[in-house]
file coords.cif (mmCIF, C-alpha atoms (C1' of nucleotides) and all ligand atoms)
data_run
loop_
_atom_site.group_PDB
_atom_site.id
_atom_site.type_symbol
_atom_site.label_atom_id
_atom_site.label_comp_id
_atom_site.auth_asym_id
_atom_site.auth_seq_id
_atom_site.Cartn_x
_atom_site.Cartn_y
_atom_site.Cartn_z
ATOM 1 C CA MET A 6 -52.994 -3.650 -91.981
ATOM 2 C CA THR A 7 -52.123 -4.245 -88.363
ATOM 3 C CA LEU A 8 -51.633 -7.672 -86.870
ATOM 4 C CA ARG A 9 -54.843 -7.108 -84.999
ATOM 5 C CA ASN A 10 -57.007 -6.329 -88.009
ATOM 6 C CA LYS A 11 -55.596 -9.131 -90.081
ATOM 7 C CA GLU A 12 -58.128 -11.190 -91.957
ATOM 8 C CA LEU A 13 -59.035 -14.171 -89.862
ATOM 9 C CA SER A 14 -59.584 -17.667 -91.191
ATOM 10 C CA LYS A 15 -62.937 -19.429 -90.981
ATOM 11 C CA ASN A 16 -62.190 -21.341 -87.783
ATOM 12 C CA GLN A 17 -60.510 -18.366 -86.165
ATOM 13 C CA LYS A 18 -63.627 -16.257 -86.814
ATOM 14 C CA ILE A 19 -65.926 -18.914 -85.416
ATOM 15 C CA VAL A 20 -63.898 -19.279 -82.233
ATOM 16 C CA LEU A 21 -63.441 -15.537 -81.736
ATOM 17 C CA ASP A 22 -67.144 -14.872 -82.328
ATOM 18 C CA TYR A 23 -68.050 -17.379 -79.668
ATOM 19 C CA ILE A 24 -65.560 -16.085 -77.108
ATOM 20 C CA GLN A 25 -66.683 -12.509 -77.666
ATOM 21 C CA LYS A 26 -70.281 -13.479 -76.964
ATOM 22 C CA CYS A 27 -69.298 -14.878 -73.564
ATOM 23 C CA LYS A 28 -69.344 -12.625 -70.534
ATOM 24 C CA LYS A 29 -66.938 -14.792 -68.625
ATOM 25 C CA PRO A 30 -63.771 -16.665 -69.537
ATOM 26 C CA VAL A 31 -64.486 -19.916 -71.322
ATOM 27 C CA LYS A 32 -62.681 -23.228 -71.372
ATOM 28 C CA ALA A 33 -61.316 -24.747 -74.561
ATOM 29 C CA TYR A 34 -63.560 -27.805 -74.428
ATOM 30 C CA SER A 35 -66.562 -25.643 -73.732
ATOM 31 C CA ILE A 36 -65.721 -23.636 -76.837
ATOM 32 C CA LEU A 37 -65.408 -26.900 -78.740
ATOM 33 C CA SER A 38 -68.823 -28.172 -77.759
ATOM 34 C CA ASN A 39 -70.415 -24.799 -78.456
ATOM 35 C CA VAL A 40 -69.012 -24.432 -81.956
ATOM 36 C CA ASN A 41 -69.599 -28.059 -82.865
ATOM 37 C CA LYS A 42 -72.588 -27.084 -84.998
ATOM 38 C CA LYS A 43 -70.312 -24.739 -86.935
ATOM 39 C CA GLY A 44 -68.178 -27.676 -87.993
ATOM 40 C CA LEU A 45 -65.362 -27.808 -85.469
ATOM 41 C CA LYS A 46 -65.173 -31.381 -84.339
ATOM 42 C CA ALA A 47 -61.846 -31.898 -82.599
ATOM 43 C CA PRO A 48 -59.641 -30.152 -80.017
ATOM 44 C CA PRO A 49 -56.820 -29.199 -82.390
ATOM 45 C CA GLN A 50 -59.197 -27.049 -84.401
ATOM 46 C CA VAL A 51 -60.027 -25.012 -81.323
ATOM 47 C CA TYR A 52 -56.507 -24.905 -79.929
ATOM 48 C CA ARG A 53 -55.038 -23.826 -83.256
ATOM 49 C CA ALA A 54 -57.530 -21.009 -83.535
ATOM 50 C CA LEU A 55 -56.831 -20.012 -79.935
ATOM 51 C CA ASP A 56 -53.069 -19.982 -80.565
ATOM 52 C CA LYS A 57 -53.503 -17.574 -83.435
ATOM 53 C CA LEU A 58 -56.029 -15.358 -81.668
ATOM 54 C CA ILE A 59 -53.758 -15.133 -78.641
ATOM 55 C CA GLU A 60 -50.779 -14.369 -80.857
ATOM 56 C CA ILE A 61 -52.540 -11.429 -82.493
ATOM 57 C CA GLY A 62 -53.923 -10.227 -79.167
ATOM 58 C CA GLU A 63 -57.639 -10.772 -79.760
ATOM 59 C CA VAL A 64 -57.824 -13.331 -76.986
ATOM 60 C CA HIS A 65 -55.996 -13.763 -73.705
ATOM 61 C CA LYS A 66 -55.541 -16.859 -71.609
ATOM 62 C CA ILE A 67 -56.401 -16.647 -67.930
ATOM 63 C CA GLU A 68 -53.550 -18.836 -66.776
ATOM 64 C CA SER A 69 -54.833 -19.584 -63.311
ATOM 65 C CA GLN A 70 -58.112 -20.918 -64.727
ATOM 66 C CA ASN A 71 -57.103 -22.479 -68.031
ATOM 67 C CA SER A 72 -59.701 -20.347 -69.683
ATOM 68 C CA TYR A 73 -59.886 -17.824 -72.473
ATOM 69 C CA ILE A 74 -61.357 -14.352 -72.743
ATOM 70 C CA ALA A 75 -61.682 -11.825 -75.539
ATOM 71 C CA CYS A 76 -59.492 -8.759 -75.339
ATOM 72 C CA ASN A 77 -61.553 -5.758 -74.385
ATOM 73 C CA SER A 78 -59.504 -3.654 -76.781
ATOM 74 C CA THR A 79 -58.101 -1.418 -74.129
ATOM 75 C CA CYS A 80 -54.876 -3.286 -73.692
ATOM 76 C CA THR A 81 -52.114 -1.614 -75.593
ATOM 77 C CA SER A 82 -50.176 -4.733 -76.401
ATOM 78 C CA PRO A 83 -50.640 -8.460 -76.179
ATOM 79 C CA GLN A 84 -47.465 -8.661 -74.123
ATOM 80 C CA GLY A 85 -48.847 -7.017 -71.013
ATOM 81 C CA THR A 86 -52.131 -8.097 -69.460
ATOM 82 C CA ILE A 87 -53.879 -7.411 -66.177
ATOM 83 C CA PHE A 88 -57.034 -9.129 -64.951
ATOM 84 C CA SER A 89 -59.278 -8.829 -61.960
ATOM 85 C CA ILE A 90 -60.828 -12.154 -61.051
ATOM 86 C CA CYS A 91 -63.619 -12.763 -58.559
ATOM 87 C CA LYS A 92 -62.866 -15.943 -56.644
ATOM 88 C CA SER A 93 -66.503 -16.360 -55.841
ATOM 89 C CA CYS A 94 -68.253 -16.005 -59.221
ATOM 90 C CA ASP A 95 -65.356 -16.020 -61.726
ATOM 91 C CA LYS A 96 -66.302 -12.590 -63.034
ATOM 92 C CA THR A 97 -63.160 -11.517 -64.845
ATOM 93 C CA ASP A 98 -62.259 -8.152 -66.286
ATOM 94 C CA GLU A 99 -59.307 -6.997 -68.249
ATOM 95 C CA ILE A 100 -57.936 -3.943 -66.567
ATOM 96 C CA SER A 101 -56.440 -0.991 -68.329
ATOM 97 C CA ASP A 102 -55.098 1.052 -65.503
ATOM 98 C CA ALA A 103 -52.528 3.358 -67.039
ATOM 99 C CA LYS A 104 -50.542 3.776 -63.849
ATOM 100 C CA LEU A 105 -50.331 0.041 -63.367
ATOM 101 C CA PHE A 106 -49.312 -0.523 -66.982
ATOM 102 C CA LYS A 107 -46.685 2.142 -66.722
ATOM 103 C CA PHE A 108 -45.394 0.832 -63.431
ATOM 104 C CA LEU A 109 -45.069 -2.720 -64.706
ATOM 105 C CA SER A 110 -43.607 -1.722 -68.031
ATOM 106 C CA GLU A 111 -40.980 0.266 -66.269
ATOM 107 C CA VAL A 112 -39.837 -2.764 -64.309
ATOM 108 C CA LYS A 113 -36.552 -2.714 -66.140
ATOM 109 C CA ASP A 114 -33.874 -5.281 -65.675
ATOM 110 C CA MET A 115 -35.671 -6.791 -62.742
ATOM 111 C CA ASN A 116 -33.351 -9.480 -61.402
ATOM 112 C CA GLY A 117 -31.293 -9.199 -64.571
ATOM 113 C CA LEU A 118 -34.356 -9.989 -66.660
ATOM 114 C CA SER A 119 -34.888 -7.851 -69.707
ATOM 115 C CA LEU A 120 -38.655 -7.635 -69.756
ATOM 116 C CA SER A 121 -40.683 -8.572 -72.803
ATOM 117 C CA GLY A 122 -44.091 -9.203 -71.290
ATOM 118 C CA TYR A 123 -46.076 -9.759 -68.152
ATOM 119 C CA ASN A 124 -49.320 -11.129 -66.846
ATOM 120 C CA LEU A 125 -50.927 -9.973 -63.635
ATOM 121 C CA GLU A 126 -53.905 -11.721 -62.129
ATOM 122 C CA LEU A 127 -55.634 -9.966 -59.244
ATOM 123 C CA PHE A 128 -57.883 -12.105 -57.070
ATOM 124 C CA GLY A 129 -60.631 -10.982 -54.768
ATOM 125 C CA THR A 130 -64.326 -10.511 -54.394
ATOM 126 C CA CYS A 131 -66.350 -8.501 -56.871
ATOM 127 C CA SER A 132 -68.909 -5.928 -55.847
ATOM 128 C CA ASN A 133 -71.805 -8.270 -56.591
ATOM 129 C CA CYS A 134 -70.418 -10.980 -54.348
ATOM 130 C CA LYS A 135 -69.323 -8.660 -51.572
ATOM 131 C CA ASP A 136 -72.677 -8.681 -49.752
ATOM 132 C CA MET B 10 -46.403 -21.856 -34.232
ATOM 133 C CA THR B 11 -46.993 -20.120 -37.532
ATOM 134 C CA LEU B 12 -48.749 -21.720 -40.454
ATOM 135 C CA ARG B 13 -45.414 -21.741 -42.206
ATOM 136 C CA ASN B 14 -43.499 -23.604 -39.513
ATOM 137 C CA LYS B 15 -46.221 -26.130 -38.930
ATOM 138 C CA GLU B 16 -45.066 -29.705 -38.706
ATOM 139 C CA LEU B 17 -45.317 -31.299 -42.094
ATOM 140 C CA SER B 18 -46.481 -34.825 -42.794
ATOM 141 C CA LYS B 19 -44.217 -37.467 -44.278
ATOM 142 C CA ASN B 20 -45.334 -36.990 -47.887
ATOM 143 C CA GLN B 21 -45.367 -33.225 -47.549
ATOM 144 C CA LYS B 22 -41.757 -33.287 -46.332
ATOM 145 C CA ILE B 23 -40.661 -35.567 -49.148
ATOM 146 C CA VAL B 24 -42.236 -33.370 -51.801
ATOM 147 C CA LEU B 25 -40.977 -30.129 -50.281
ATOM 148 C CA ASP B 26 -37.440 -31.517 -49.907
ATOM 149 C CA TYR B 27 -37.374 -32.446 -53.552
ATOM 150 C CA ILE B 28 -38.735 -29.113 -54.776
ATOM 151 C CA GLN B 29 -36.267 -27.195 -52.633
ATOM 152 C CA LYS B 30 -33.377 -29.117 -54.191
ATOM 153 C CA CYS B 31 -34.436 -28.032 -57.663
ATOM 154 C CA LYS B 32 -33.052 -24.830 -59.111
ATOM 155 C CA LYS B 33 -35.896 -24.449 -61.546
ATOM 156 C CA PRO B 34 -39.648 -24.951 -61.313
ATOM 157 C CA VAL B 35 -40.618 -28.609 -61.532
ATOM 158 C CA LYS B 36 -43.671 -30.346 -62.926
ATOM 159 C CA ALA B 37 -45.930 -32.495 -60.777
ATOM 160 C CA TYR B 38 -45.249 -35.679 -62.724
ATOM 161 C CA SER B 39 -41.539 -35.002 -62.600
ATOM 162 C CA ILE B 40 -41.804 -34.709 -58.832
ATOM 163 C CA LEU B 41 -43.718 -37.968 -58.800
ATOM 164 C CA SER B 42 -41.078 -39.903 -60.714
ATOM 165 C CA ASN B 43 -38.308 -38.399 -58.618
ATOM 166 C CA VAL B 44 -39.844 -39.290 -55.261
ATOM 167 C CA ASN B 45 -40.981 -42.713 -56.374
ATOM 168 C CA LYS B 46 -38.160 -44.350 -54.457
ATOM 169 C CA LYS B 47 -39.420 -42.600 -51.324
ATOM 170 C CA GLY B 48 -42.716 -44.399 -51.646
ATOM 171 C CA LEU B 49 -44.987 -42.004 -53.487
ATOM 172 C CA LYS B 50 -46.548 -44.040 -56.223
ATOM 173 C CA ALA B 51 -49.523 -42.124 -57.562
ATOM 174 C CA PRO B 52 -50.436 -38.575 -58.635
ATOM 175 C CA PRO B 53 -52.848 -37.832 -55.777
ATOM 176 C CA GLN B 54 -50.051 -38.266 -53.264
ATOM 177 C CA VAL B 55 -48.056 -35.546 -54.972
ATOM 178 C CA TYR B 56 -50.975 -33.259 -55.684
ATOM 179 C CA ARG B 57 -52.240 -33.484 -52.118
ATOM 180 C CA ALA B 58 -48.831 -32.594 -50.762
ATOM 181 C CA LEU B 59 -48.586 -29.733 -53.246
ATOM 182 C CA ASP B 60 -52.003 -28.409 -52.233
ATOM 183 C CA LYS B 61 -50.947 -28.244 -48.626
ATOM 184 C CA LEU B 62 -47.512 -26.763 -49.326
ATOM 185 C CA ILE B 63 -49.079 -24.106 -51.507
ATOM 186 C CA GLU B 64 -51.678 -23.366 -48.864
ATOM 187 C CA ILE B 65 -49.059 -22.736 -46.191
ATOM 188 C CA GLY B 66 -46.887 -20.764 -48.602
ATOM 189 C CA GLU B 67 -43.875 -23.073 -48.823
ATOM 190 C CA VAL B 68 -44.466 -23.673 -52.514
ATOM 191 C CA HIS B 69 -45.888 -21.567 -55.314
ATOM 192 C CA LYS B 70 -47.346 -22.624 -58.612
ATOM 193 C CA ILE B 71 -46.037 -20.976 -61.754
ATOM 194 C CA GLU B 72 -49.378 -20.805 -63.486
ATOM 195 C CA SER B 73 -48.116 -20.164 -66.986
ATOM 196 C CA GLN B 74 -45.946 -23.282 -66.869
ATOM 197 C CA ASN B 75 -47.939 -25.679 -64.696
ATOM 198 C CA SER B 76 -44.900 -26.039 -62.536
ATOM 199 C CA TYR B 77 -43.989 -25.636 -58.904
ATOM 200 C CA ILE B 78 -41.222 -23.810 -57.107
ATOM 201 C CA ALA B 79 -40.192 -23.464 -53.483
ATOM 202 C CA CYS B 80 -40.814 -20.127 -51.829
ATOM 203 C CA ASN B 81 -37.553 -18.289 -51.380
ATOM 204 C CA SER B 82 -38.818 -17.015 -48.027
ATOM 205 C CA THR B 83 -38.795 -13.402 -49.033
ATOM 206 C CA CYS B 84 -42.458 -13.217 -49.908
ATOM 207 C CA THR B 85 -44.430 -11.745 -47.097
ATOM 208 C CA SER B 86 -47.601 -13.660 -47.732
ATOM 209 C CA PRO B 87 -48.751 -16.540 -49.885
ATOM 210 C CA GLN B 88 -51.413 -14.289 -51.348
ATOM 211 C CA GLY B 89 -49.074 -12.077 -53.320
ATOM 212 C CA THR B 90 -46.411 -13.515 -55.588
ATOM 213 C CA ILE B 91 -44.128 -12.082 -58.256
ATOM 214 C CA PHE B 92 -41.884 -14.098 -60.564
ATOM 215 C CA SER B 93 -39.375 -13.319 -63.253
ATOM 216 C CA ILE B 94 -39.301 -16.020 -65.892
ATOM 217 C CA CYS B 95 -36.764 -16.412 -68.675
ATOM 218 C CA LYS B 96 -38.564 -17.503 -71.826
ATOM 219 C CA SER B 97 -35.378 -18.980 -73.176
ATOM 220 C CA CYS B 98 -34.088 -21.178 -70.328
ATOM 221 C CA ASP B 99 -36.995 -21.190 -67.842
ATOM 222 C CA LYS B 100 -34.841 -19.685 -65.099
ATOM 223 C CA THR B 101 -37.405 -18.466 -62.622
ATOM 224 C CA ASP B 102 -36.956 -16.287 -59.587
ATOM 225 C CA GLU B 103 -39.348 -15.136 -56.963
ATOM 226 C CA ILE B 104 -39.062 -11.406 -56.662
ATOM 227 C CA SER B 105 -39.346 -9.463 -53.473
ATOM 228 C CA ASP B 106 -39.347 -5.907 -54.684
ATOM 229 C CA ALA B 107 -40.855 -3.885 -51.884
ATOM 230 C CA LYS B 108 -42.077 -1.093 -54.135
ATOM 231 C CA LEU B 109 -43.804 -3.560 -56.416
ATOM 232 C CA PHE B 110 -45.396 -5.399 -53.498
ATOM 233 C CA LYS B 111 -46.582 -2.152 -52.043
ATOM 234 C CA PHE B 112 -47.900 -0.903 -55.343
ATOM 235 C CA LEU B 113 -49.851 -4.081 -56.034
ATOM 236 C CA SER B 114 -51.168 -4.415 -52.522
ATOM 237 C CA GLU B 115 -52.489 -0.906 -52.687
ATOM 238 C CA VAL B 116 -54.555 -1.699 -55.741
ATOM 239 C CA LYS B 117 -57.694 -1.220 -53.748
ATOM 240 C CA ASP B 118 -61.130 -1.718 -55.134
ATOM 241 C CA MET B 119 -59.765 -2.092 -58.618
ATOM 242 C CA ASN B 120 -62.794 -2.442 -60.854
ATOM 243 C CA GLY B 121 -64.925 -2.962 -57.764
ATOM 244 C CA LEU B 122 -62.770 -5.910 -56.738
ATOM 245 C CA SER B 123 -61.763 -6.077 -53.114
ATOM 246 C CA LEU B 124 -58.320 -7.559 -53.429
ATOM 247 C CA SER B 125 -57.275 -10.665 -51.557
ATOM 248 C CA GLY B 126 -54.297 -11.810 -53.583
ATOM 249 C CA TYR B 127 -52.373 -11.519 -56.795
ATOM 250 C CA ASN B 128 -49.891 -13.267 -59.005
ATOM 251 C CA LEU B 129 -47.557 -11.447 -61.357
ATOM 252 C CA GLU B 130 -45.444 -13.274 -63.907
ATOM 253 C CA LEU B 131 -42.799 -11.236 -65.678
ATOM 254 C CA PHE B 132 -41.421 -12.704 -68.903
ATOM 255 C CA GLY B 133 -38.207 -11.876 -70.633
ATOM 256 C CA THR B 134 -34.644 -12.929 -71.189
ATOM 257 C CA CYS B 135 -32.295 -13.542 -68.313
ATOM 258 C CA SER B 136 -28.780 -12.182 -68.203
ATOM 259 C CA ASN B 137 -27.270 -15.560 -69.113
ATOM 260 C CA CYS B 138 -29.413 -15.855 -72.229
ATOM 261 C CA LYS B 139 -29.067 -12.239 -73.291
ATOM 262 C CA ASP B 140 -25.832 -12.789 -75.295
ATOM 263 C "C1'" DA C 10 -62.065 -43.078 -24.806
ATOM 264 C "C1'" DT C 11 -64.640 -40.824 -28.232
ATOM 265 C "C1'" DT C 12 -64.774 -38.043 -31.821
ATOM 266 C "C1'" DA C 13 -63.167 -34.946 -35.382
ATOM 267 C "C1'" DT C 14 -59.601 -33.859 -38.503
ATOM 268 C "C1'" DT C 15 -55.975 -34.787 -41.422
ATOM 269 C "C1'" DA C 16 -53.229 -37.788 -44.056
ATOM 270 C "C1'" DT C 17 -52.443 -42.083 -46.692
ATOM 271 C "C1'" DG C 18 -52.626 -45.674 -50.492
ATOM 272 C "C1'" DT C 19 -54.966 -47.055 -54.445
ATOM 273 C "C1'" DT C 20 -57.685 -47.386 -58.719
ATOM 274 C "C1'" DA C 21 -59.927 -45.116 -62.047
ATOM 275 C "C1'" DT C 22 -61.091 -41.219 -64.724
ATOM 276 C "C1'" DA C 23 -61.584 -36.302 -65.918
ATOM 277 C "C1'" DA C 24 -59.759 -32.210 -67.995
ATOM 278 C "C1'" DT C 25 -56.353 -29.884 -70.694
ATOM 279 C "C1'" DA C 26 -53.338 -29.877 -74.596
ATOM 280 C "C1'" DT C 27 -50.322 -31.517 -78.458
ATOM 281 C "C1'" DA C 28 -48.121 -34.785 -82.140
ATOM 282 C "C1'" DA C 29 -48.463 -36.347 -86.473
ATOM 283 C "C1'" DC C 30 -50.205 -36.984 -91.077
ATOM 284 C "C1'" DG C 31 -52.249 -36.060 -95.404
ATOM 285 C "C1'" DC C 32 -54.581 -32.633 -97.687
ATOM 286 C "C1'" DT C 33 -56.287 -27.803 -99.216
ATOM 287 C "C1'" DA C 34 -56.421 -22.963 -99.631
ATOM 288 C "C1'" DT C 35 -53.966 -18.715 -99.979
ATOM 289 C "C1'" DA C 36 -50.224 -15.682 -100.806
ATOM 290 C "C1'" DC C 37 -45.646 -14.661 -103.121
ATOM 291 C "C1'" DT C 38 -42.462 -14.515 -106.788
ATOM 292 C "C1'" DC C 39 -40.754 -15.104 -111.097
ATOM 293 C "C1'" DG D 15 -49.954 -18.332 -114.907
ATOM 294 C "C1'" DA D 16 -46.792 -22.126 -113.104
ATOM 295 C "C1'" DG D 17 -44.137 -22.982 -109.332
ATOM 296 C "C1'" DT D 18 -43.400 -22.640 -104.616
ATOM 297 C "C1'" DA D 19 -43.735 -21.270 -99.970
ATOM 298 C "C1'" DT D 20 -46.888 -20.501 -96.025
ATOM 299 C "C1'" DA D 21 -50.840 -21.033 -93.416
ATOM 300 C "C1'" DG D 22 -54.883 -23.475 -92.471
ATOM 301 C "C1'" DC D 23 -57.911 -27.677 -92.252
ATOM 302 C "C1'" DG D 24 -59.706 -32.324 -90.764
ATOM 303 C "C1'" DT D 25 -58.689 -36.344 -88.398
ATOM 304 C "C1'" DT D 26 -56.872 -39.909 -85.258
ATOM 305 C "C1'" DA D 27 -54.273 -40.850 -81.611
ATOM 306 C "C1'" DT D 28 -51.815 -39.707 -77.581
ATOM 307 C "C1'" DA D 29 -49.523 -36.854 -74.065
ATOM 308 C "C1'" DT D 30 -49.929 -34.055 -70.024
ATOM 309 C "C1'" DT D 31 -52.110 -32.242 -66.014
ATOM 310 C "C1'" DA D 32 -55.273 -32.943 -62.324
ATOM 311 C "C1'" DT D 33 -59.168 -34.868 -59.543
ATOM 312 C "C1'" DA D 34 -62.978 -38.229 -57.830
ATOM 313 C "C1'" DA D 35 -63.886 -41.724 -54.948
ATOM 314 C "C1'" DC D 36 -63.221 -45.013 -51.345
ATOM 315 C "C1'" DA D 37 -61.278 -47.615 -47.744
ATOM 316 C "C1'" DT D 38 -57.910 -47.216 -44.100
ATOM 317 C "C1'" DA D 39 -54.596 -45.162 -40.772
ATOM 318 C "C1'" DA D 40 -52.555 -41.649 -38.029
ATOM 319 C "C1'" DT D 41 -53.056 -37.461 -35.279
ATOM 320 C "C1'" DA D 42 -55.243 -33.947 -32.613
ATOM 321 C "C1'" DA D 43 -58.999 -32.137 -29.786
ATOM 322 C "C1'" DT D 44 -62.713 -32.674 -26.185
HETATM 323 ZN ZN ZN A 201 -56.296 -7.211 -74.025
HETATM 324 ZN ZN ZN A 202 -68.239 -12.168 -57.910
HETATM 325 ZN ZN ZN A 203 -42.850 -16.951 -51.759
HETATM 326 ZN ZN ZN A 204 -32.307 -17.638 -69.540
#
call {"tool": "encode", "arguments": {"input": "coords.cif", "output": "structure tokens", "more": "lines below"}}
Ligand SMILES: [Zn+2]
Ligand SMILES: [Zn+2]
Ligand SMILES: [Zn+2]
Ligand SMILES: [Zn+2]
result
Amino acid sequence: MTLRNKELSKNQKIVLDYIQKCKKPVKAYSILSNVNKKGLKAPPQVYRALDKLIEIGEVHKIESQNSYIACNSTCTSPQGTIFSICKSCDKTDEISDAKLFKFLSEVKDMNGLSLSGYNLELFGTCSNCKD
Amino acid sequence: MTLRNKELSKNQKIVLDYIQKCKKPVKAYSILSNVNKKGLKAPPQVYRALDKLIEIGEVHKIESQNSYIACNSTCTSPQGTIFSICKSCDKTDEISDAKLFKFLSEVKDMNGLSLSGYNLELFGTCSNCKD
DNA sequence: ATTATTATGTTATAATATAACGCTATACTC
DNA sequence: GAGTATAGCGTTATATTATAACATAATAAT
């Protein structure tokens, strides 16, 4: 049983289900208010679920937006993530460009740093907003 | 007169001076308490200065840490930033690897996104912490 | 000089995230 | 299966990060 397929707890399932239904990244307090009817009443319940889901790679945090998005399953490891983010409409996609992954993963001993992970956020305008 | 060399206001100078003195990224409220004696008394004064300094490229935000660091002057544009971050001691360096810059800047029309900027945060262990 | 723009000082509040505590469920191990 | 370790839950309170709003002052542009 991989980390990823590990049995999730009740709250973890509820939070993951909700995030997966969302097209766009969602904020923690928005998750909270949307799963309120499922019994989650306070921030720690959401944040604890998020911590676990992020740890096992089912969810990623979009750092520049303080928001959370479900992994699209194409990322090979939770340690390396790449996102394209539309500054106009917030459309956000996890990118699985092999060349980019390879390039970043091969950044060895950059500045004396022995690399264990990375996060790349690409900003721009999506095709829908371009017109 | 370039954007970068523009005359700064009093509060902007105070905040930039302080950030430049710091070896590591600093938090907004830490800046606030450290420039208190210079007359900045409330968060908006710091955040407004930060907004401007970030806009002109003198300061960058380390998104994963909610902290701020002075530009080391090697980055060509405020729109593309790369940092190496030690997870053990928070040592953070702005990286100016030409190949990496070039590679990222050439990510054209990734996922339909027309790129206007990016931020890459590399995590790992610095040489001091490696032992 | 008039006007537009930018910055300031201040109070209050919003938004994001964690500490701490007592309790419960589950897994492990002997 | 009893004992014990680990992970999760529910709850209250609080810490941390950031912005809204408003009145005033300084600076730049016409
Ligand atoms: Zn992923
Ligand atoms: Zn868009
Ligand atoms: Zn820079
Ligand atoms: Zn270190």
call {"tool": "interface_residues", "arguments": {"input": "coords.cif", "of": "chain D", "to": "chain B", "cutoff": "8 Å", "atoms": "only C-alpha atoms (C1' of nucleotides)", "output": "list in words"}}
result
DT31, DA32 and DT33 of chain D
call {"tool": "interface_residues", "arguments": {"input": "coords.cif", "of": "chain B", "to": "chain C", "cutoff": "10 Å", "atoms": "only C-alpha atoms (C1' of nucleotides)", "output": "PyMOL selection string"}}
result
chain B and resi 18-21+49-51+53-54+57-58
call {"tool": "residues_near_ligand", "arguments": {"input": "coords.cif", "ligand": "ligand ZN 204 (chain A)", "cutoff": "9 Å", "atoms": "only C-alpha atoms (C1' of nucleotides) and all ligand atoms", "output": "CSV table (one decimal) with C-alpha atoms, in the frame of the given file"}}
result
chain,number,residue,atom,x,y,z
A,118,LEU,CA,-34.4,-10.0,-66.7
B,94,ILE,CA,-39.3,-16.0,-65.9
B,95,CYS,CA,-36.8,-16.4,-68.7
B,96,LYS,CA,-38.6,-17.5,-71.8
B,97,SER,CA,-35.4,-19.0,-73.2
B,98,CYS,CA,-34.1,-21.2,-70.3
B,99,ASP,CA,-37.0,-21.2,-67.8
B,100,LYS,CA,-34.8,-19.7,-65.1
B,101,THR,CA,-37.4,-18.5,-62.6
B,133,GLY,CA,-38.2,-11.9,-70.6
B,134,THR,CA,-34.6,-12.9,-71.2
B,135,CYS,CA,-32.3,-13.5,-68.3
B,136,SER,CA,-28.8,-12.2,-68.2
B,137,ASN,CA,-27.3,-15.6,-69.1
B,138,CYS,CA,-29.4,-15.9,-72.2
B,139,LYS,CA,-29.1,-12.2,-73.3
call {"tool": "resolve_selection", "arguments": {"input": "coords.cif", "expression": "the PyMOL selection byres (((not hetatm)) within 6 of (chain A and resi 203))", "output": "VMD selection string"}}
result
chain B and resid 80 to 82 84
call {"tool": "closest_residue", "arguments": {"input": "coords.cif", "among": "B:Asp102, B:Glu67, B:Asp140, B:Asp60", "to": "chain A", "atoms": "all atoms listed in the file"}}
result
B:Asp102
call {"tool": "resolve_selection", "arguments": {"input": "coords.cif", "expression": "the PyMOL selection byres ((chain A and not hetatm) within 7 of (chain B))", "output": "ChimeraX atom specification"}}
result
/A:68-69,89,117-132
call {"tool": "write_last_selection", "arguments": {"input": "coords.cif", "atoms": "C-alpha atoms", "output": "compact mmCIF listing (two decimals), keeping the file's coordinate frame"}}
result
# COMPACT_ATOMS: atom_id res chain seq x y z
CA GLU A 68 -53.55 -18.84 -66.78
CA SER A 69 -54.83 -19.58 -63.31
CA SER A 89 -59.28 -8.83 -61.96
CA GLY A 117 -31.29 -9.20 -64.57
CA LEU A 118 -34.36 -9.99 -66.66
CA SER A 119 -34.89 -7.85 -69.71
CA LEU A 120 -38.66 -7.64 -69.76
CA SER A 121 -40.68 -8.57 -72.80
CA GLY A 122 -44.09 -9.20 -71.29
CA TYR A 123 -46.08 -9.76 -68.15
CA ASN A 124 -49.32 -11.13 -66.85
CA LEU A 125 -50.93 -9.97 -63.64
CA GLU A 126 -53.90 -11.72 -62.13
CA LEU A 127 -55.63 -9.97 -59.24
CA PHE A 128 -57.88 -12.10 -57.07
CA GLY A 129 -60.63 -10.98 -54.77
CA THR A 130 -64.33 -10.51 -54.39
CA CYS A 131 -66.35 -8.50 -56.87
CA SER A 132 -68.91 -5.93 -55.85
call {"tool": "axis_aligned_box", "arguments": {"input": "coords.cif", "around": "stretch 83-89 of chain A", "padding_each_side": "6 Å", "output": "JSON"}}
result
{"center_x": -53.4, "center_y": -8.1, "center_z": -69.1, "size_x": 23.8, "size_y": 14.1, "size_z": 26.2}
call {"tool": "atom_distance", "arguments": {"input": "coords.cif", "atom1": "atom CA of A:Val20", "atom2": "atom CA of A:Phe106"}}
result
28.2 Å
call {"tool": "closest_residue", "arguments": {"input": "coords.cif", "among": "A:Asp22, A:Glu12, A:Glu60, A:Glu111", "to": "ligand ZN 201 (chain A)", "atoms": "all atoms listed in the file"}}
result
A:Glu60
call {"tool": "resolve_selection", "arguments": {"input": "coords.cif", "expression": "the PyMOL selection byres (((chain A and resi 23) around 12) and not hetatm)", "output": "JSON, numbers by chain"}}
result
{"A": [16, 17, 18, 19, 20, 21, 22, 24, 25, 26, 27, 28, 29, 30, 31, 32, 33, 35, 36, 37, 38, 39, 40, 41, 42, 43, 51, 54, 55, 64, 73, 74, 75]}
call {"tool": "atom_distance", "arguments": {"input": "coords.cif", "atom1": "atom CA of A:Leu58", "atom2": "atom C1' of D:DG22"}}
result
13.6 Å
call {"tool": "atom_distance", "arguments": {"input": "coords.cif", "atom1": "atom CA of A:Leu13", "atom2": "atom C1' of D:DC23"}}
result
13.8 Å
